[in-house]
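A short worksheet on the structure shown next.
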Amino acid sequence: MPPRPIIIDCDPGVDDAIALLLAFAAAAEFDLLGITTVAGNVPLALTQANARRICHLAQRTDVPVYAGCPRPLLRSLVTAEEVHGSTGIEGTNLPQPTMPLQSQHAVAFLIERLTTASTPITLATLGPLTNLAVALIQCPAIVQGIDQVVMMGGSLGAGNITPAAEFNVYVDPHAAKVVVDAGLPLTMIGLDVTHQVVTTPDRLAALKALDTPVGKAAAGMLRYYGQLDLERHHLAASPLHDPCVIAYLLRPDLFTGRPMHLAIETEGTLCLGRTVANGHPTPTAPANATVIETANADGIYALLTERLGKL
Ligand code: RIB
Ligand code: CA
């Protein structure tokens with residue numbers, strides 16, 4: 001199989017950083033066309049710089065990094081420094097990047113690549129969906145250039161930023177609605193799945209035992225990350241959200257899901273940003289997404305550790 005063309009849209013963010021490292025370690029499977037960044041976990045100035053820091057760490061400064069939207073479509077930006085630290089990738093001390101940030105806006109890059117693609121491109125979205133939504137609004141024809149969108153976002157159960165909403169969708173619910181309503185081949189990996197994939201001490205130790213710059217950086221970030229999730233969700237350990245998207249693209253057999261009708265709550269306060277999934281689609285509410293429900297956590301960490309060990 002030739003490597004699949006892929007673009008990763010992200011808001012690094014600790015778990016985004018781990019997801020990027022896993023993608024870099026899949027050079028045989030992925031032709032990584034570019035990394036587009038968006039405001040989310042931390043402001044855009046940090047997410048774009050952090051993406052480039054991770055490129056340096058993985059010695060993949062050949063991958064172009066683009067800055068996108070600095071705020072949601074309508075709402076004011078909400079960030080998550082309490083989860084990711086003030087730098088966005090707390091737990092490691094990566095130097096200022098020297099690779100250039102692309103001058104082209106991320107939305108323009110998405111439109112250019114998706115309207116000229118000879119082979120449809122896979123989009124992995126790991127943050128608020130603002131960039132993709134703006135690209136869809138500006139140029140609906142990009143749909144023809146998209147093979148599939150796999151998004152980390154949403155939740156069938158409890159939220160994490162509010163009781164009802166998951167962070168990525170909550171930050172920009174209007175963008176999420178644009179994406180969900182666009183008729184794209186969409187796969188949703190939400191908290192129901194990622195809360196099954198938690199970084200236990202043994203799993204953290206296995207990454208640390210790689211004893212490489214990548215392993216040490218990943219272990220350092222994960223050791224810091226998600227402490228709030230532990231307190232808030234009483235989980236055995238902090239969940240590994242974004243790497244599940246890359247793991248799904250590499251090993252879909254580690255996951256199960258089914259077609260559902262997905263809708264986004266864009267009104268109100270208590271339930272703003274809620275992903276409402278109907279597992280029994282009807283002609284008036286047809287399936288518009290594959291919603292992933294289970295994950296093989298041991299298999300995911302084995303994949304992550306094995307691949308990061310090769311970087
Ligand atoms: O809710 C978890 C998601 O929000 C992850 O993508 C994390 O990086 C933040 O963006
Ligand atoms: Ca993210």
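Going through the structure tokens in order, the chains are called A, B, and so on, while each chain numbers its residues from 1 and the ligands are numbered from 1 in the order shown.
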Exercise. Can you pull out every residue within 8 Å of stretch 265-274 of chain A, counting only C-alpha atoms, but drop anything in the same chain fewer than 5 positions away, and send it as a VMD selection string?
Key: chain A and resid 154 to 155 159 162 164 to 166 169 to 174 177
Counting only C-alpha atoms and all ligand atoms, what residues are within 7 Å of ligand 2, given as an mmCIF file with C-alpha atoms, in the first residue's frame?
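Saved the output as part.cif:
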data_model
loop_
_atom_site.group_PDB
_atom_site.id
_atom_site.type_symbol
_atom_site.label_atom_id
_atom_site.label_comp_id
_atom_site.auth_asym_id
_atom_site.auth_seq_id
_atom_site.Cartn_x
_atom_site.Cartn_y
_atom_site.Cartn_z
ATOM 1 C CA CYS A 10 -4.061 20.340 15.942
ATOM 2 C CA ASP A 11 -3.670 22.556 19.018
ATOM 3 C CA PRO A 12 -0.504 21.249 20.754
ATOM 4 C CA GLY A 13 -1.198 20.555 23.622
ATOM 5 C CA ASP A 15 -1.691 14.863 23.710
ATOM 6 C CA ASP A 16 -1.492 16.546 20.293
ATOM 7 C CA ASN A 41 -5.423 24.264 24.435
ATOM 8 C CA LEU A 126 -7.116 17.004 17.067
ATOM 9 C CA GLY A 127 -8.381 20.408 18.196
ATOM 10 C CA ASP A 242 -5.405 12.729 20.395
#
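The spacing separating atom CA of A:Gln144 from atom CA of A:His105 amounts to 20.7 Å.
Closest to ligand 1 among A:Cys55, A:Leu20, A:Leu101, A:Ala236 is A:Leu20, based on only C-alpha atoms and all ligand atoms.
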Practice problem: Go through stretch 43-270 of chain A and collect every residue that DSSP, computed from the backbone, puts in strand (DSSP E or B); the answer should be as an NGL selection string. | Solution: :A and (65-67 or 121-125 or 146-152 or 186-189 or 198-199 or 238-239 or 255-264)
Kindly export the residues of the current selection with N, CA, C and O atoms, as a CSV table (one decimal), in the first residue's frame.
chain,number,residue,atom,x,y,z
A,65,VAL,N,4.6,23.5,8.6
A,65,VAL,CA,3.6,23.9,9.7
A,65,VAL,C,3.0,25.2,9.4
A,65,VAL,O,3.7,26.2,9.0
A,66,TYR,N,1.7,25.2,9.5
A,66,TYR,CA,0.9,26.4,9.1
A,66,TYR,C,0.1,26.9,10.3
A,66,TYR,O,-0.4,26.1,11.1
A,67,ALA,N,0.0,28.2,10.5
A,67,ALA,CA,-0.8,28.8,11.5
A,67,ALA,C,-2.2,29.1,10.9
A,67,ALA,O,-2.3,29.6,9.8
A,121,ILE,N,-7.4,13.1,0.4
A,121,ILE,CA,-6.5,13.3,1.6
A,121,ILE,C,-7.3,13.0,2.9
A,121,ILE,O,-8.5,13.4,3.0
A,122,THR,N,-6.6,12.3,3.8
A,122,THR,CA,-7.2,12.1,5.1
A,122,THR,C,-6.9,13.3,6.0
A,122,THR,O,-5.8,13.8,6.0
A,123,LEU,N,-7.9,13.7,6.7
A,123,LEU,CA,-7.7,14.8,7.7
A,123,LEU,C,-7.9,14.2,9.1
A,123,LEU,O,-8.9,13.6,9.4
A,124,ALA,N,-6.8,14.4,9.9
A,124,ALA,CA,-6.9,14.1,11.3
A,124,ALA,C,-7.0,15.4,12.1
A,124,ALA,O,-6.1,16.2,12.1
A,125,THR,N,-8.2,15.6,12.8
A,125,THR,CA,-8.4,16.8,13.5
A,125,THR,C,-8.3,16.5,15.0
A,125,THR,O,-9.0,15.7,15.5
A,146,ILE,N,-11.4,15.2,0.1
A,146,ILE,CA,-11.2,14.6,1.4
A,146,ILE,C,-11.6,13.1,1.4
A,146,ILE,O,-12.7,12.7,1.0
A,147,ASP,N,-10.6,12.3,1.8
A,147,ASP,CA,-10.9,10.8,1.8
A,147,ASP,C,-11.8,10.5,3.1
A,147,ASP,O,-12.8,9.8,3.0
A,148,GLN,N,-11.3,11.0,4.2
A,148,GLN,CA,-12.1,10.9,5.4
A,148,GLN,C,-11.6,11.9,6.5
A,148,GLN,O,-10.4,12.4,6.4
A,149,VAL,N,-12.4,12.2,7.4
A,149,VAL,CA,-12.0,13.1,8.5
A,149,VAL,C,-12.1,12.2,9.8
A,149,VAL,O,-13.2,11.6,10.0
A,150,VAL,N,-11.1,12.1,10.5
A,150,VAL,CA,-11.1,11.4,11.8
A,150,VAL,C,-10.9,12.5,12.9
A,150,VAL,O,-9.8,13.1,12.9
A,151,MET,N,-11.9,12.7,13.7
A,151,MET,CA,-11.8,13.8,14.7
A,151,MET,C,-11.7,13.3,16.1
A,151,MET,O,-12.5,12.4,16.5
A,152,MET,N,-10.8,13.9,16.9
A,152,MET,CA,-10.9,13.7,18.4
A,152,MET,C,-11.8,14.8,18.8
A,152,MET,O,-11.5,16.0,18.7
A,186,LEU,N,-17.0,11.1,8.1
A,186,LEU,CA,-16.5,11.5,9.4
A,186,LEU,C,-16.5,10.4,10.4
A,186,LEU,O,-17.5,9.6,10.5
A,187,THR,N,-15.4,10.3,11.1
A,187,THR,CA,-15.3,9.3,12.2
A,187,THR,C,-15.0,10.2,13.5
A,187,THR,O,-14.1,11.0,13.5
A,188,MET,N,-15.8,9.9,14.5
A,188,MET,CA,-15.7,10.7,15.8
A,188,MET,C,-15.1,9.8,16.8
A,188,MET,O,-15.6,8.7,17.1
A,189,ILE,N,-14.0,10.2,17.4
A,189,ILE,CA,-13.4,9.5,18.6
A,189,ILE,C,-13.5,10.4,19.8
A,189,ILE,O,-12.8,11.5,19.8
A,198,VAL,N,-5.9,5.1,29.1
A,198,VAL,CA,-5.3,6.0,30.2
A,198,VAL,C,-3.8,5.6,30.4
A,198,VAL,O,-3.4,4.4,30.3
A,199,THR,N,-3.0,6.6,30.7
A,199,THR,CA,-1.6,6.4,30.9
A,199,THR,C,-1.3,5.9,32.3
A,199,THR,O,-1.0,6.7,33.2
A,238,SER,N,-4.4,9.4,33.5
A,238,SER,CA,-4.9,10.4,32.6
A,238,SER,C,-5.2,9.9,31.2
A,238,SER,O,-4.4,9.0,30.7
A,239,PRO,N,-6.3,10.3,30.6
A,239,PRO,CA,-6.6,9.7,29.3
A,239,PRO,C,-5.7,10.3,28.2
A,239,PRO,O,-5.2,11.4,28.2
A,255,PHE,N,-10.2,-0.7,17.4
A,255,PHE,CA,-11.3,0.1,17.8
A,255,PHE,C,-12.6,-0.6,17.2
A,255,PHE,O,-12.6,-1.4,16.3
A,256,THR,N,-13.7,-0.2,17.8
A,256,THR,CA,-15.0,-0.6,17.3
A,256,THR,C,-15.9,0.6,17.3
A,256,THR,O,-15.8,1.5,18.2
A,257,GLY,N,-16.8,0.7,16.4
A,257,GLY,CA,-17.8,1.8,16.3
A,257,GLY,C,-18.9,1.5,15.4
A,257,GLY,O,-19.0,0.4,14.8
A,258,ARG,N,-19.9,2.4,15.3
A,258,ARG,CA,-21.0,2.2,14.4
A,258,ARG,C,-21.6,3.5,13.9
A,258,ARG,O,-21.3,4.5,14.5
A,259,PRO,N,-22.3,3.4,12.8
A,259,PRO,CA,-22.9,4.6,12.2
A,259,PRO,C,-23.9,5.2,13.1
A,259,PRO,O,-24.7,4.5,13.7
A,260,MET,N,-23.9,6.5,13.2
A,260,MET,CA,-24.9,7.2,14.1
A,260,MET,C,-25.2,8.6,13.4
A,260,MET,O,-24.5,9.1,12.5
A,261,HIS,N,-26.3,9.1,13.8
A,261,HIS,CA,-26.6,10.5,13.4
A,261,HIS,C,-26.1,11.4,14.5
A,261,HIS,O,-26.4,11.3,15.7
A,262,LEU,N,-25.2,12.3,14.1
A,262,LEU,CA,-24.5,13.2,15.1
A,262,LEU,C,-25.0,14.6,14.9
A,262,LEU,O,-25.1,15.1,13.7
A,263,ALA,N,-25.3,15.3,16.0
A,263,ALA,CA,-25.7,16.7,15.9
A,263,ALA,C,-25.0,17.5,17.0
A,263,ALA,O,-24.6,16.9,18.1
A,264,ILE,N,-24.8,18.8,16.8
A,264,ILE,CA,-24.0,19.6,17.8
A,264,ILE,C,-25.0,20.6,18.4
A,264,ILE,O,-25.7,21.3,17.6
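For the set A:Gln104, A:Thr194, A:Gln138, A:Ser86, the residue with the smallest atom-to-atom gap to A:Pro43 is A:Ser86, counting only C-alpha atoms.
Residue-level DSSP output for stretch 66-99 of chain A, from the backbone, shows helix (DSSP H, G or I) at Glu81, Glu82, Val83 and His84 of chain A.
Distance annotation: of A:Leu204, A:Val14, A:Leu304, A:Ala289, the residue with the minimal separation from ligand 1 is A:Val14; atom set is only C-alpha atoms and all ligand atoms.
If you look at atom CA of A:Ala175 and atom CA of A:Leu74, they are 8.8 Å away from each other.
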Quiz item: Using only C-alpha atoms, which of A:Ile137, A:Leu210, A:Gly190, A:Ile142 sits nearest A:Val178?
Solution: A:Ile137
Practice problem: Extract, using only C-alpha atoms, all DNA, RNA and protein residues at most 8 Å from A:Phe30, discarding same-chain residues fewer than 3 positions from it, and format them as a PyMOL selection string. | Solution: chain A and resi 3-6+23+26-27
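With distances restricted to only C-alpha atoms, A:Gly157 is the closest residue to A:Ala277 from A:Gly220, A:Pro100, A:Gly157, A:Gly85.
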Practice problem: Please indicate the distance in Å from atom CA of A:Asp192 to atom CA of A:Glu82, rounded to one decimal place. | Solution: 21.7 Å
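For A:Ala45, the list of residues within 12 Å, based on only C-alpha atoms and with local chain neighbours fewer than 3 positions off taken out, reads Asp11, Pro12, Thr37, Val38, Ala39, Gly40, Asn41, Val42, Gln48, Ala49, Asn50, Ala51, Arg52, Tyr66, Ala67, Gly68, Cys69, Pro70, Arg71, Thr87, Gly88 and Leu101 of chain A.
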Quiz item: Which neighbours of A:Thr92 fall inside 8 Å, counting only C-alpha atoms, when residues of the same chain fewer than 3 positions from it are skipped, and could you give them as a PyMOL selection string?
Solution: chain A and resi 89+217+220-221
